[in-house]
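Q: Just passing along the structure, written as structure tokens.
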Amino acid sequence: RIELELPTVQHILTMALLSTSPAGVYSVDGMRANFWGSDVLGASVEAEIQGDSMQLTANAPEGGGEVVVIAPPGRRVVGDEMREVPLPEHWLAIVPVAAGDASLSLELADAPEVTEGLALECPEEVEAGGALSMAVPGAEGEALVTVGRNGAILHAERLTAADGAIELAVPEQVHAGEVEVGVVAEVGGTLRRGVAHVAVTGSFTPDIPPWRLPKTRPFGEVEEVDVTVRGLHVIGRGTDHHDGRNGPQFGMAEPETLRFGGGIVDAPVTRYGYGFGGLEFERARVLTLRITNTCYDAWTFRRGTPSYHPQYTSTFAGMMVDYHTTDGYTKRVALGLGYINPKRQTDRPRWGTSAAPDEFISLMDAIHEGRETTFSLDLARWAPEGWDGRCWVGVGVDNLYPSRRLYAEVLEAPESPEGLEILEGESVGDLFKIRDYVVGRAAEAPAIDGRLDDRVWQEVEPATDFRLLGKIGSSKQNTRAWAAWDEESFYVAYECPESEKQQPSLKPEKIWNRDAVDTALDPDGDREDFLQIIIDAAGNSEQFSHGYNGRQVQWEVEHAVGEYEGGWAVEMAVPWSEMGIEAHGGMTFTGNFVRYRPYPPVDEMQTWSPMPGPAINDPERFGNFTLE
């Protein structure tokens, strides 16, 4: 049993965090975490006490971070590159950690006894932006200074006591009001603690621009150049980037190195925007490219959500190629390297045709497979009739989250694709085409027990190649679904392999935020009225009706969930009488198979019938089910 007494202050949020770890995230890239926790703001930390040391592992994004360490009672952390906060019952240490993975061994030592009664003389008030001079008679060497307000520690610093005095700089941004200054210093060989209450005066007003600044035109430039590198004659370079309101994102183009790219900066003003960089070649056909990105395994402040915007048709990560003929630039082809939507109508980047793409090709899911890849392209594959070899090749991203950037470097430019392994890609029109599934007839009804050992599941073909919502790639977990029928019922089964989680996520209140499967059925195939049947990995089930003139429709559905080594499975039976139809061979209706895999460690929605986004069950995109 744990009892907590928390002091509260009106209009101040108070939070208690119970943890078995003696460490938490204190700051990330110079920004304080709102609450100390083992996993916040894209950084994480774990710590374990082993005798006289503490083993600490941490991960921080670019810019690094700080970890707050709580030493056991009577102990302290010893080290030079840290700040100490001596509290009445514990000593805290604020330890810096570098970006990426870090492993530290911190030494623990006996904490010296701190007695009360340090004489601390300071003025009753100080102006923000000035200095607080405190007289500490007899103080020697380093003093540990903390500043707090309403019971929360705002600042900790080591200062040197010189001639019995300490001076603390007060930033001009400090809000007016009373603060509590604590000092621990050595006097006559003994550590003593003193506390003073000081009123801060001042009226700092941050220089914040108006909430709605007028929109600006895109940033960047397009200019002529004359450079020949690796056999390629470069005649133009361009950058095009904007944050959607009034600020820049990122674009670069270096003709001398044949490097170009673009994307989103680390701290954009808005959550939208795009960035592209490109080069214009006089004559080019085959390019061998090295593609690098900062999207792979990137973190975001929106932990637990995708790092892109599937609801926007402009969401993109890849290449734009513009082709030149005697009539000028006449065709643009979008080559996706992770995100591409065939409904894209935006005109960026603004060179070449400066128009929406005429053709959409999925090259590969590069940004989710690793940070770097190399491949060769034959640009003639998508060229219009009359192409004269002149083209713009641009690289960038659109409507991804912060810190997502994509770069290309031309390594070689052979005159012919002969002897090379050429990446051909796949038409997005084919990738997102409506799928068809033949529903096999069941010689005998399966037992609805979640075991998938019935004869029918061995005889009918499964639905495979589930795609990720809004992406062009597939999941590492190869979900399969089956459907079968007889005169009484429509039967569905799912096999859900899982190698990245120790157990399914079942805690969220909403069933669609758990590990679950979702079967959409539109019995009359009108692509308007349909029912979603969601079953989670624990066997809980909910139904959601769509259309039906607003009526709530529910069917009596038998279902069961089972576990097997390496995953879990679902079986269900929907009587035809519940769907209001009489089944017969050759009958066709529409629907979809979906699997939810929520964070952690991933956050993905798998859909058998490909969906560009945002809806996981868009009836216009449902597959066709035909009864055998």
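Labeling convention for the structure tokens: chains A, B, ... as they appear, residues from 1 per chain, ligands from 1 in order of appearance.
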Determine, counting only C-alpha atoms, which protein, DNA and RNA residues have an atom within 6 Å of an atom of stretch 161-165 of chain A; residues of the same chain fewer than 2 positions away are not included. Present the result as a compact mmCIF listing (two decimals) with N, CA and C atoms, in the first residue's frame.
A:
```
# COMPACT_ATOMS: atom_id res chain seq x y z
N MET A 134 24.35 37.37 -2.78
CA MET A 134 24.02 36.78 -1.48
C MET A 134 25.29 36.72 -0.63
N ALA A 135 25.20 37.18 0.59
CA ALA A 135 26.30 37.08 1.54
C ALA A 135 26.14 35.76 2.30
N VAL A 136 27.22 34.96 2.26
CA VAL A 136 27.23 33.66 2.97
C VAL A 136 28.48 33.66 3.85
N PRO A 137 28.39 34.24 5.04
CA PRO A 137 29.58 34.36 5.88
C PRO A 137 30.23 33.01 6.14
N GLY A 138 31.52 32.95 5.88
CA GLY A 138 32.29 31.74 6.16
C GLY A 138 32.25 30.70 5.08
N ALA A 139 31.47 30.90 4.02
CA ALA A 139 31.36 29.89 2.96
C ALA A 139 32.67 29.80 2.19
N GLU A 140 33.03 28.56 1.81
CA GLU A 140 34.28 28.32 1.10
C GLU A 140 34.01 27.41 -0.11
N GLY A 141 34.75 27.66 -1.21
CA GLY A 141 34.70 26.77 -2.37
C GLY A 141 33.37 26.80 -3.09
N GLU A 142 33.00 25.63 -3.64
CA GLU A 142 31.79 25.55 -4.43
C GLU A 142 30.54 25.52 -3.56
```
Q: Taking only stretch 391-464 of chain A into account, list the residues labelled helix (DSSP H, G or I) by DSSP (computed from the backbone), as a list of chain:residue names.
A: A:Val428, A:Gly429, A:Asp430, A:Leu431, A:Arg455, A:Val456, A:Trp457, A:Gln458, A:Glu459
Q: Please identify all polymer residues within 12 Å of A:Leu168, counting only C-alpha atoms, omitting same-chain residues fewer than 4 positions from it, and present them as a short mmCIF file (atom, residue, chain, number, x, y, z; two decimals) with N, CA and C atoms, in the first residue's frame.
A:
```cif
data_model
loop_
_atom_site.label_atom_id
_atom_site.label_comp_id
_atom_site.auth_asym_id
_atom_site.auth_seq_id
_atom_site.Cartn_x
_atom_site.Cartn_y
_atom_site.Cartn_z
N CYS A 122 20.48 38.16 1.76
CA CYS A 122 20.28 38.67 0.40
C CYS A 122 19.14 39.67 0.41
N VAL A 126 14.75 41.31 -6.27
CA VAL A 126 15.76 41.46 -7.31
C VAL A 126 15.03 41.62 -8.63
N GLU A 127 15.60 42.41 -9.52
CA GLU A 127 14.96 42.64 -10.81
C GLU A 127 15.43 41.59 -11.81
N ALA A 128 14.48 41.04 -12.56
CA ALA A 128 14.82 40.07 -13.61
C ALA A 128 15.77 40.72 -14.60
N GLY A 129 16.81 39.97 -14.96
CA GLY A 129 17.84 40.50 -15.83
C GLY A 129 19.04 41.01 -15.07
N GLY A 130 18.93 41.10 -13.74
CA GLY A 130 20.04 41.56 -12.93
C GLY A 130 20.74 40.39 -12.25
N ALA A 131 21.41 40.69 -11.14
CA ALA A 131 22.15 39.67 -10.40
C ALA A 131 21.70 39.70 -8.95
N LEU A 132 21.59 38.51 -8.37
CA LEU A 132 21.23 38.37 -6.97
C LEU A 132 22.51 38.11 -6.18
N SER A 133 22.92 39.10 -5.39
CA SER A 133 24.14 38.97 -4.58
C SER A 133 23.75 38.49 -3.19
N MET A 134 24.35 37.37 -2.78
CA MET A 134 24.02 36.78 -1.48
C MET A 134 25.29 36.72 -0.63
N ALA A 135 25.20 37.18 0.59
CA ALA A 135 26.30 37.08 1.54
C ALA A 135 26.14 35.76 2.30
N ALA A 143 29.51 26.18 -4.05
CA ALA A 143 28.21 26.15 -3.39
C ALA A 143 27.19 25.58 -4.37
N LEU A 144 26.26 24.78 -3.88
CA LEU A 144 25.20 24.21 -4.70
C LEU A 144 23.96 25.07 -4.52
N VAL A 145 23.51 25.69 -5.61
CA VAL A 145 22.41 26.65 -5.54
C VAL A 145 21.22 26.10 -6.32
N THR A 146 20.05 26.16 -5.72
CA THR A 146 18.81 25.78 -6.41
C THR A 146 17.83 26.94 -6.31
N VAL A 147 16.98 27.04 -7.34
CA VAL A 147 15.93 28.03 -7.34
C VAL A 147 14.62 27.30 -7.60
N HIS A 155 15.73 25.54 -11.27
CA HIS A 155 17.09 25.76 -11.72
C HIS A 155 18.06 25.21 -10.69
N ALA A 156 19.17 24.63 -11.16
CA ALA A 156 20.24 24.14 -10.28
C ALA A 156 21.57 24.53 -10.89
N GLU A 157 22.49 24.99 -10.05
CA GLU A 157 23.76 25.49 -10.56
C GLU A 157 24.84 25.39 -9.50
N ARG A 158 26.08 25.16 -9.96
CA ARG A 158 27.24 25.21 -9.06
C ARG A 158 27.87 26.60 -9.18
N LEU A 159 28.05 27.29 -8.05
CA LEU A 159 28.68 28.60 -8.05
C LEU A 159 29.81 28.61 -7.02
N THR A 160 30.77 29.47 -7.26
CA THR A 160 31.91 29.56 -6.35
C THR A 160 31.67 30.67 -5.34
N ALA A 161 31.85 30.32 -4.07
CA ALA A 161 31.73 31.31 -3.00
C ALA A 161 33.07 32.01 -2.84
N VAL A 181 15.26 30.42 -2.88
CA VAL A 181 16.66 30.16 -3.23
C VAL A 181 17.28 29.32 -2.12
N GLY A 182 17.79 28.15 -2.51
CA GLY A 182 18.46 27.27 -1.55
C GLY A 182 19.93 27.19 -1.82
N VAL A 183 20.75 27.24 -0.80
CA VAL A 183 22.20 27.18 -0.95
C VAL A 183 22.75 26.14 0.02
#
```
Q: Show which residues sit within 12 Å of A:Gly550, as a PDB file with all heavy atoms, in the first residue's frame. Count only C-alpha atoms, and ignore same-chain residues fewer than 5 positions away.
A:
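See result.pdb below for the written result:
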```
ATOM      1  N   GLU A 528     -21.657   1.988 -49.889  1.00  0.00           N
ATOM      2  CA  GLU A 528     -22.223   3.053 -49.053  1.00  0.00           C
ATOM      3  C   GLU A 528     -22.542   2.543 -47.656  1.00  0.00           C
ATOM      4  O   GLU A 528     -22.101   3.126 -46.668  1.00  0.00           O
ATOM      5  CB  GLU A 528     -23.485   3.631 -49.703  1.00  0.00           C
ATOM      6  CG  GLU A 528     -23.239   4.388 -50.999  1.00  0.00           C
ATOM      7  CD  GLU A 528     -24.508   4.951 -51.590  1.00  0.00           C
ATOM      8  OE1 GLU A 528     -25.580   4.757 -50.965  1.00  0.00           O
ATOM      9  OE2 GLU A 528     -24.452   5.576 -52.657  1.00  0.00           O
ATOM     10  N   ASP A 529     -23.336   1.475 -47.563  1.00  0.00           N
ATOM     11  CA  ASP A 529     -23.740   0.927 -46.271  1.00  0.00           C
ATOM     12  C   ASP A 529     -22.880  -0.294 -45.959  1.00  0.00           C
ATOM     13  O   ASP A 529     -22.872  -1.264 -46.728  1.00  0.00           O
ATOM     14  CB  ASP A 529     -25.215   0.520 -46.298  1.00  0.00           C
ATOM     15  CG  ASP A 529     -26.124   1.640 -46.777  1.00  0.00           C
ATOM     16  OD1 ASP A 529     -25.848   2.796 -46.419  1.00  0.00           O
ATOM     17  OD2 ASP A 529     -27.076   1.361 -47.515  1.00  0.00           O
ATOM     18  N   PHE A 530     -22.153  -0.245 -44.826  1.00  0.00           N
ATOM     19  CA  PHE A 530     -21.328  -1.398 -44.466  1.00  0.00           C
ATOM     20  C   PHE A 530     -21.138  -1.444 -42.951  1.00  0.00           C
ATOM     21  O   PHE A 530     -21.405  -0.476 -42.237  1.00  0.00           O
ATOM     22  CB  PHE A 530     -19.972  -1.367 -45.178  1.00  0.00           C
ATOM     23  CG  PHE A 530     -19.063  -0.231 -44.761  1.00  0.00           C
ATOM     24  CD1 PHE A 530     -18.074  -0.415 -43.802  1.00  0.00           C
ATOM     25  CD2 PHE A 530     -19.184   1.028 -45.348  1.00  0.00           C
ATOM     26  CE1 PHE A 530     -17.232   0.616 -43.427  1.00  0.00           C
ATOM     27  CE2 PHE A 530     -18.342   2.076 -44.982  1.00  0.00           C
ATOM     28  CZ  PHE A 530     -17.366   1.870 -44.019  1.00  0.00           C
ATOM     29  N   PHE A 544     -19.402  -1.396 -35.764  1.00  0.00           N
ATOM     30  CA  PHE A 544     -19.679  -0.006 -36.112  1.00  0.00           C
ATOM     31  C   PHE A 544     -20.343   0.002 -37.484  1.00  0.00           C
ATOM     32  O   PHE A 544     -19.776  -0.493 -38.462  1.00  0.00           O
ATOM     33  CB  PHE A 544     -18.390   0.811 -36.141  1.00  0.00           C
ATOM     34  CG  PHE A 544     -17.649   0.819 -34.828  1.00  0.00           C
ATOM     35  CD1 PHE A 544     -16.693  -0.155 -34.555  1.00  0.00           C
ATOM     36  CD2 PHE A 544     -17.925   1.773 -33.872  1.00  0.00           C
ATOM     37  CE1 PHE A 544     -16.012  -0.169 -33.349  1.00  0.00           C
ATOM     38  CE2 PHE A 544     -17.251   1.775 -32.661  1.00  0.00           C
ATOM     39  CZ  PHE A 544     -16.298   0.804 -32.395  1.00  0.00           C
ATOM     40  N   SER A 545     -21.549   0.554 -37.535  1.00  0.00           N
ATOM     41  CA  SER A 545     -22.282   0.602 -38.805  1.00  0.00           C
ATOM     42  C   SER A 545     -22.077   1.954 -39.476  1.00  0.00           C
ATOM     43  O   SER A 545     -21.983   2.993 -38.814  1.00  0.00           O
ATOM     44  CB  SER A 545     -23.771   0.338 -38.578  1.00  0.00           C
ATOM     45  OG  SER A 545     -24.322   1.257 -37.655  1.00  0.00           O
TER      46      SER A 545
END
```
Q: If you count only C-alpha atoms, which residues fall within 6 Å of A:Gly148, apart from same-chain ones fewer than 6 positions away, as a list of chain:residue names?
A: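 These residues fall inside the cut-off: A:Leu154, A:Val179, A:Glu180.
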Q: Limited to C-alpha atoms, could you put the picked residues into a file as a PDB file, in the first residue's frame?
A:
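Once everything was written out, this is part_10.pdb:
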```
ATOM      1  CA  LEU A 154      13.338  25.452 -11.603  1.00  0.00           C
ATOM      2  CA  VAL A 179      11.108  32.326  -5.614  1.00  0.00           C
ATOM      3  CA  GLU A 180      12.866  30.151  -3.044  1.00  0.00           C
TER       4      GLU A 180
END
```
Q: Within 9 Å of A:Phe204, counting only C-alpha atoms, which residues show up once you throw out same-chain ones fewer than 6 positions away? Write them as a list in words, please.
A: Ala128, Glu172, Gln173, Val174, His175 and Ala176 of chain A
Q: Please provide the set of residues having any atom within 9 Å of A:Pro462, restricted to only C-alpha atoms, with same-chain residues fewer than 2 positions apart removed, written as an NGL selection string.
A: :A and (437 or 457 or 460 or 464 or 480-483)
